[in-house]
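Shown below: final22.txt, with compact mmCIF, C-alpha atoms and all ligand atoms.
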```txt
# COMPACT_ATOMS: atom_id res chain seq x y z
CA MET A 28 1.98 3.96 -0.79
CA SER A 29 4.69 3.28 1.74
CA GLY A 30 4.21 3.84 5.45
CA SER A 31 7.84 4.83 5.81
CA VAL A 32 9.48 8.06 4.68
CA ARG A 33 12.89 7.01 5.94
CA THR A 34 15.78 7.43 3.50
CA GLY A 35 16.65 3.94 2.32
CA SER A 36 13.35 2.53 3.61
CA LEU A 37 12.95 -1.17 2.97
CA ASN A 38 9.21 -0.75 2.52
CA THR A 39 9.59 2.08 0.04
CA THR A 40 12.14 -0.01 -1.86
CA LEU A 41 9.64 -2.87 -1.90
CA ILE A 42 6.67 -0.76 -3.01
CA ASN A 43 8.79 0.90 -5.71
CA ALA A 44 9.80 -2.54 -6.98
CA ALA A 45 6.11 -3.47 -7.11
CA GLY A 46 5.40 -0.22 -8.98
CA ASP A 47 8.15 -0.93 -11.52
CA ILE A 48 6.75 -4.41 -12.13
CA ALA A 49 3.23 -3.00 -12.55
CA VAL A 50 4.49 -0.42 -15.05
CA ALA A 51 6.31 -3.14 -16.99
CA ALA A 52 3.00 -5.04 -17.08
CA GLY A 53 1.34 -2.04 -18.71
CA HIS A 54 -0.31 -0.37 -15.71
CA ASP A 55 -0.06 3.31 -14.83
CA VAL A 56 1.30 3.82 -11.33
CA ASP A 57 0.82 6.78 -9.02
CA ALA A 58 3.47 6.51 -6.31
CA LEU A 59 2.14 8.32 -3.25
CA ASP A 60 4.79 9.75 -0.95
CA LEU A 61 2.81 10.12 2.26
CA GLY A 62 5.45 12.42 3.74
CA THR A 63 4.73 15.10 1.15
CA PHE A 64 1.15 15.54 2.39
CA HIS A 65 2.32 16.86 5.79
CA LEU A 66 -0.94 15.83 7.41
CA PRO A 67 -1.34 16.75 11.07
CA LEU A 68 -2.09 13.96 13.52
CA TYR A 69 -5.80 13.35 13.25
CA ASP A 70 -7.64 15.51 15.76
CA GLY A 71 -11.41 15.96 15.68
CA ASP A 72 -10.97 19.53 16.90
CA ILE A 73 -8.86 20.40 13.84
CA GLU A 74 -11.53 18.90 11.61
CA GLN A 75 -14.31 20.70 13.48
CA THR A 76 -12.57 24.05 13.42
CA HIS A 77 -10.77 24.05 10.09
CA GLY A 78 -12.46 21.22 8.16
CA VAL A 79 -10.62 18.36 6.47
CA PRO A 80 -7.16 19.58 5.36
CA VAL A 81 -6.75 20.20 1.65
CA ALA A 82 -3.89 17.68 1.68
CA ALA A 83 -6.24 14.97 2.97
CA THR A 84 -8.69 15.73 0.18
CA GLU A 85 -5.82 15.54 -2.32
CA LEU A 86 -4.68 12.20 -0.88
CA ALA A 87 -8.25 10.84 -1.02
CA SER A 88 -8.66 12.04 -4.58
CA ARG A 89 -5.46 10.30 -5.71
CA VAL A 90 -6.59 7.07 -4.02
CA ALA A 91 -10.06 7.48 -5.57
CA GLN A 92 -8.53 7.66 -9.05
CA ALA A 93 -6.72 4.33 -8.60
CA ASP A 94 -8.19 1.01 -9.72
CA ALA A 95 -6.12 -0.86 -7.12
CA VAL A 96 -4.07 0.12 -4.07
CA LEU A 97 -0.78 -1.32 -2.86
CA ILE A 98 0.30 -0.51 0.67
CA ALA A 99 3.63 -1.37 2.25
CA SER A 100 4.21 -0.54 5.88
CA PRO A 101 6.95 -1.15 8.37
CA GLU A 102 5.95 -3.16 11.40
CA TYR A 103 6.33 -0.90 14.42
CA ASN A 104 5.71 -2.70 17.69
CA GLY A 105 3.41 -5.16 15.98
CA GLY A 106 1.35 -2.64 14.00
CA PRO A 107 1.52 -0.42 10.90
CA SER A 108 3.35 2.90 11.11
CA GLY A 109 1.57 5.88 12.61
CA LEU A 110 2.12 7.75 9.34
CA LEU A 111 0.20 5.13 7.40
CA LYS A 112 -2.67 4.84 9.87
CA ASN A 113 -2.95 8.62 10.20
CA SER A 114 -2.97 9.05 6.41
CA ILE A 115 -5.71 6.42 6.04
CA ASP A 116 -7.74 8.04 8.80
CA TRP A 117 -7.55 11.49 7.18
CA ALA A 118 -8.26 10.11 3.71
CA THR A 119 -11.45 8.47 4.99
CA ARG A 120 -12.52 11.72 6.64
CA ALA A 121 -12.20 13.38 3.22
CA GLU A 122 -14.11 10.54 1.55
CA MET A 123 -15.34 7.72 3.76
CA THR A 124 -15.50 5.03 1.06
CA VAL A 125 -12.36 6.05 -0.80
CA PHE A 126 -10.75 2.60 -0.61
CA ALA A 127 -13.94 0.70 -1.43
CA GLY A 128 -14.26 -1.50 -4.51
CA LYS A 129 -10.55 -1.64 -5.28
CA PRO A 130 -8.28 -4.65 -4.92
CA ILE A 131 -5.89 -3.85 -2.05
CA GLY A 132 -2.55 -5.58 -1.63
CA LEU A 133 -0.60 -5.35 1.62
CA LEU A 134 3.16 -5.66 1.82
CA CYS A 135 5.73 -5.50 4.58
CA ALA A 136 9.52 -5.66 4.62
CA THR A 137 11.50 -6.13 7.81
CA PRO A 138 15.18 -6.60 8.57
CA GLY A 139 14.18 -9.40 10.95
CA SER A 140 13.11 -12.95 10.23
CA LYS A 141 9.36 -12.64 10.87
CA GLY A 142 8.59 -10.41 7.88
CA GLY A 143 6.17 -8.19 9.79
CA MET A 144 3.39 -10.75 9.86
CA VAL A 145 2.03 -9.37 13.15
CA GLY A 146 1.80 -5.86 11.67
CA ILE A 147 0.26 -7.25 8.49
CA GLY A 148 -2.31 -9.00 10.69
CA VAL A 149 -3.23 -5.66 12.25
CA MET A 150 -3.44 -4.00 8.83
CA THR A 151 -5.61 -6.89 7.64
CA SER A 152 -7.88 -6.38 10.61
CA ILE A 153 -8.15 -2.63 9.88
CA PHE A 154 -9.02 -3.15 6.22
CA THR A 155 -11.38 -6.00 7.00
CA HIS A 156 -13.13 -3.74 9.48
CA MET A 157 -13.46 -1.17 6.69
CA MET A 158 -15.07 -3.97 4.61
CA LEU A 159 -12.57 -3.56 1.79
CA ASP A 160 -11.55 -5.81 -1.05
CA LEU A 161 -8.35 -7.06 0.55
CA HIS A 162 -6.26 -9.54 -1.38
CA GLY A 163 -6.09 -12.67 0.78
CA GLU A 164 -2.33 -13.16 0.71
CA PRO A 165 -0.08 -10.33 1.84
CA PHE A 166 3.49 -10.04 0.56
CA SER A 167 5.98 -10.40 3.37
CA LEU A 168 9.69 -9.83 2.90
CA ALA A 169 11.72 -11.07 5.85
CA LYS A 170 15.47 -10.40 6.21
CA ALA A 171 14.93 -7.73 3.60
CA TYR A 172 18.52 -6.48 3.50
CA ASP A 173 19.56 -9.94 2.29
CA ALA A 174 17.09 -9.59 -0.60
CA LEU A 175 18.70 -6.39 -1.91
CA GLU A 176 21.36 -6.16 -4.59
CA ASP A 177 22.81 -2.70 -5.13
CA GLY A 178 19.84 -1.28 -3.23
CA ALA A 179 17.22 -2.98 -5.43
CA LEU A 180 15.22 -6.16 -4.94
CA ASN A 181 17.12 -9.22 -6.18
CA ALA A 182 15.89 -11.38 -9.05
CA THR A 183 14.44 -14.14 -6.86
CA GLU A 184 12.34 -11.79 -4.75
CA SER A 185 11.39 -9.72 -7.81
CA ALA A 186 10.00 -12.86 -9.43
CA ARG A 187 8.06 -13.77 -6.26
CA LEU A 188 6.75 -10.18 -6.07
CA GLY A 189 5.77 -10.26 -9.75
CA ALA A 190 3.74 -13.43 -9.29
CA TRP A 191 1.99 -12.02 -6.22
CA LEU A 192 1.27 -8.73 -7.99
CA ALA A 193 -0.20 -10.46 -11.01
CA ASP A 194 -2.59 -12.19 -8.64
CA VAL A 195 -3.55 -8.94 -6.86
CA LEU A 196 -4.11 -7.12 -10.15
CA ALA A 197 -5.87 -10.01 -11.90
CA PRO A 198 -9.35 -8.54 -11.26
CA LEU A 199 -8.34 -5.46 -13.28
CA THR A 200 -7.25 -7.57 -16.24
CA THR A 201 -10.45 -9.61 -15.96
CA ASP A 202 -12.50 -6.40 -15.90
CA GLU A 203 -10.67 -5.20 -19.01
CA SER A 204 -11.27 -8.45 -20.91
CA ASP A 205 -14.91 -8.45 -19.72
CA ARG A 206 -15.24 -4.97 -21.18
CA SER A 207 -13.65 -5.95 -24.50
CA ASP A 208 -15.78 -9.13 -24.57
CA ARG A 209 -18.88 -7.01 -24.07
CA SER A 210 -17.81 -4.48 -26.70
CA GLY A 211 -17.19 -7.39 -29.08
CA GLN A 212 -20.73 -8.61 -28.43
CA ALA A 213 -22.14 -5.15 -29.05
CA GLU A 214 -20.52 -5.11 -32.46
C1 LIG A 301 9.45 2.09 16.84
C2 LIG A 301 9.91 0.87 16.09
C3 LIG A 301 9.28 -0.32 16.33
C4 LIG A 301 9.66 -1.47 15.61
N1 LIG A 301 8.98 -2.63 15.81
C5 LIG A 301 9.26 -3.70 15.04
C6 LIG A 301 8.46 -4.88 15.11
O1 LIG A 301 7.49 -4.96 15.88
N2 LIG A 301 8.77 -5.92 14.31
C7 LIG A 301 9.82 -5.85 13.40
O2 LIG A 301 10.05 -6.82 12.68
N3 LIG A 301 10.58 -4.75 13.30
C8 LIG A 301 10.33 -3.67 14.08
N4 LIG A 301 11.06 -2.52 13.95
C9 LIG A 301 12.18 -2.50 12.98
C10 LIG A 301 11.66 -2.10 11.60
O3 LIG A 301 11.14 -3.26 10.96
C11 LIG A 301 12.83 -1.54 10.78
O4 LIG A 301 13.29 -0.35 11.38
C12 LIG A 301 12.43 -1.31 9.34
O5 LIG A 301 13.61 -1.09 8.58
C13 LIG A 301 11.50 -0.11 9.20
O6 LIG A 301 10.99 -0.05 7.89
P1 LIG A 301 11.62 0.86 6.75
O7 LIG A 301 12.99 0.29 6.43
O8 LIG A 301 10.68 0.76 5.62
O9 LIG A 301 11.75 2.28 7.28
C14 LIG A 301 10.71 -1.39 14.67
C15 LIG A 301 11.33 -0.14 14.45
C16 LIG A 301 10.93 0.96 15.14
C17 LIG A 301 11.58 2.29 14.83
```

Please go through the file and, once you have read it, give me the structure as structure tokens.
Amino acid sequence: MSGSVRTGSLNTTLINAAGDIAVAAGHDVDALDLGTFHLPLYDGDIEQTHGVPVAATELASRVAQADAVLIASPEYNGGPSGLLKNSIDWATRAEMTVFAGKPIGLLCATPGSKGGMVGIGVMTSIFTHMMLDLHGEPFSLAKAYDALEDGALNATESARLGAWLADVLAPLTTDESDRSDRSGQAE
């Protein structure tokens, strides 16, 4: 998921590049467009009066079906976007533990030279607070416009992203081989 719905978003470009690499590695990818859920700003009165919105339940269910979650967010004033935080808040109201037990990789692209590390720190703090399985190293893309070629991630950054992604998704591959090892033993 990307925390930006802006046309030409750097973070959406980055998360889509990650998705393409994951698909090429044989994974199925569900690209969540958070803008399409049209969630209201979280308000306990809305929840009390109308219950959790259907869209929040749908978002939670799509996260629940995933074996791993990749999240790219712009850094806005040193934090993740409101859209991302609001979506996470609603998803956890639909299902409190929806992100639990899945490897989670955080990414951030910025036009500036710092690569959103302050915002990533805040996201890390949020996910750590939620006691989630956060991959230790985030993927930060500074000066992101310089890393684009014809609107797509250039070869150097794609290779760096691929290596990072392989690391984030390694537990899934290990689980798979564990399963096939076990099935081999059963035979
Ligand atoms: C309200 C606002 C606050 C921002 N704060 C930061 C910031 O703290 N650090 C930073 O590197 N860029 C900041 N930016 C610039 C964003 O990194 C830039 O707009 C980026 O392209 C947004 O991500 P996107 O391309 O995925 O939409 C800010 C932009 C906005 C609109």

Quiz item: Of the candidates A:Gly148, A:Gly132, A:Pro67, A:Pro101, which shows the shortest atom-to-atom distance to A:Leu168, using all atoms listed in the file?
Solution: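 Using all atoms listed in the file, A:Leu168 sits closest to A:Pro101.
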
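Between ligand LIG 301 (chain A) and the candidates A:Val96, A:Leu111, A:Leu199, A:Ala87, the tightest atom-to-atom separation, counting only C-alpha atoms and all ligand atoms, involves A:Leu111.
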
Quiz item: Can you tell me, as a PyMOL selection string, what residues are no more than 8 Å from stretch 42-51 of chain A when counting all atoms listed in the file, ignoring any on the same chain fewer than 4 positions away?
Solution: chain A and resi 28-29+38+55-56+58+97-99+134+179-180+185+188-189+192

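Each of A:Glu102, A:Glu85, A:Asp60, A:Asp70 was checked against ligand LIG 301 (chain A) using all atoms listed in the file; the smallest atom-to-atom distance is that of A:Glu102.
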
Exercise. Between A:Leu61, A:Ala121, A:Ala93, A:Ala197, single out the one closest to A:Val81, counting all atoms listed in the file.
Key: A:Ala121

Protein and nucleic acid residues within 6 Å of ligand LIG 301 (chain A) (only C-alpha atoms and all ligand atoms) as a PDB file with C-alpha atoms, in the coordinates of the input:
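Result saved to result-v9.pdb:
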```pdb
ATOM      1  CA  SER A  31       7.840   4.830   5.810  1.00  0.00           C
ATOM      2  CA  ARG A  33      12.890   7.010   5.940  1.00  0.00           C
ATOM      3  CA  SER A  36      13.350   2.530   3.610  1.00  0.00           C
ATOM      4  CA  LEU A  37      12.950  -1.170   2.970  1.00  0.00           C
ATOM      5  CA  ASN A  38       9.210  -0.750   2.520  1.00  0.00           C
ATOM      6  CA  THR A  39       9.590   2.080   0.040  1.00  0.00           C
ATOM      7  CA  PRO A 101       6.950  -1.150   8.370  1.00  0.00           C
ATOM      8  CA  GLU A 102       5.950  -3.160  11.400  1.00  0.00           C
ATOM      9  CA  TYR A 103       6.330  -0.900  14.420  1.00  0.00           C
ATOM     10  CA  ASN A 104       5.710  -2.700  17.690  1.00  0.00           C
ATOM     11  CA  GLY A 105       3.410  -5.160  15.980  1.00  0.00           C
ATOM     12  CA  THR A 137      11.500  -6.130   7.810  1.00  0.00           C
ATOM     13  CA  PRO A 138      15.180  -6.600   8.570  1.00  0.00           C
ATOM     14  CA  GLY A 139      14.180  -9.400  10.950  1.00  0.00           C
ATOM     15  CA  GLY A 143       6.170  -8.190   9.790  1.00  0.00           C
TER      16      GLY A 143
END
```

Quiz prompt | Computed interatomic separation between atom CA of A:Ser140 and atom CA of A:His162 (Å) | solution = 22.8 Å

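Between atom CA of A:Arg187 and atom CA of A:Leu59 lies a distance of 23.1 Å.
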
Exercise. Select, from A:Gln92, A:Thr84, A:Ser114, A:Thr200, the residue with the minimum atom-to-atom distance to A:Gly128, counting all atoms listed in the file.
Key: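 For A:Gly128, the nearest of the candidates is A:Gln92.
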
Quiz item: So which one's closest to A:Leu159, A:Ala127, A:Ile73, A:Val145, A:Asp173? Using all atoms listed in the file, please.
Solution: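 Of all the options, A:Ala127 lies closest to A:Leu159.
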
Quiz item: Do you have the atom CA of A:Asp194-atom CA of A:Glu164 distance handy?
Solution: 9.4 Å
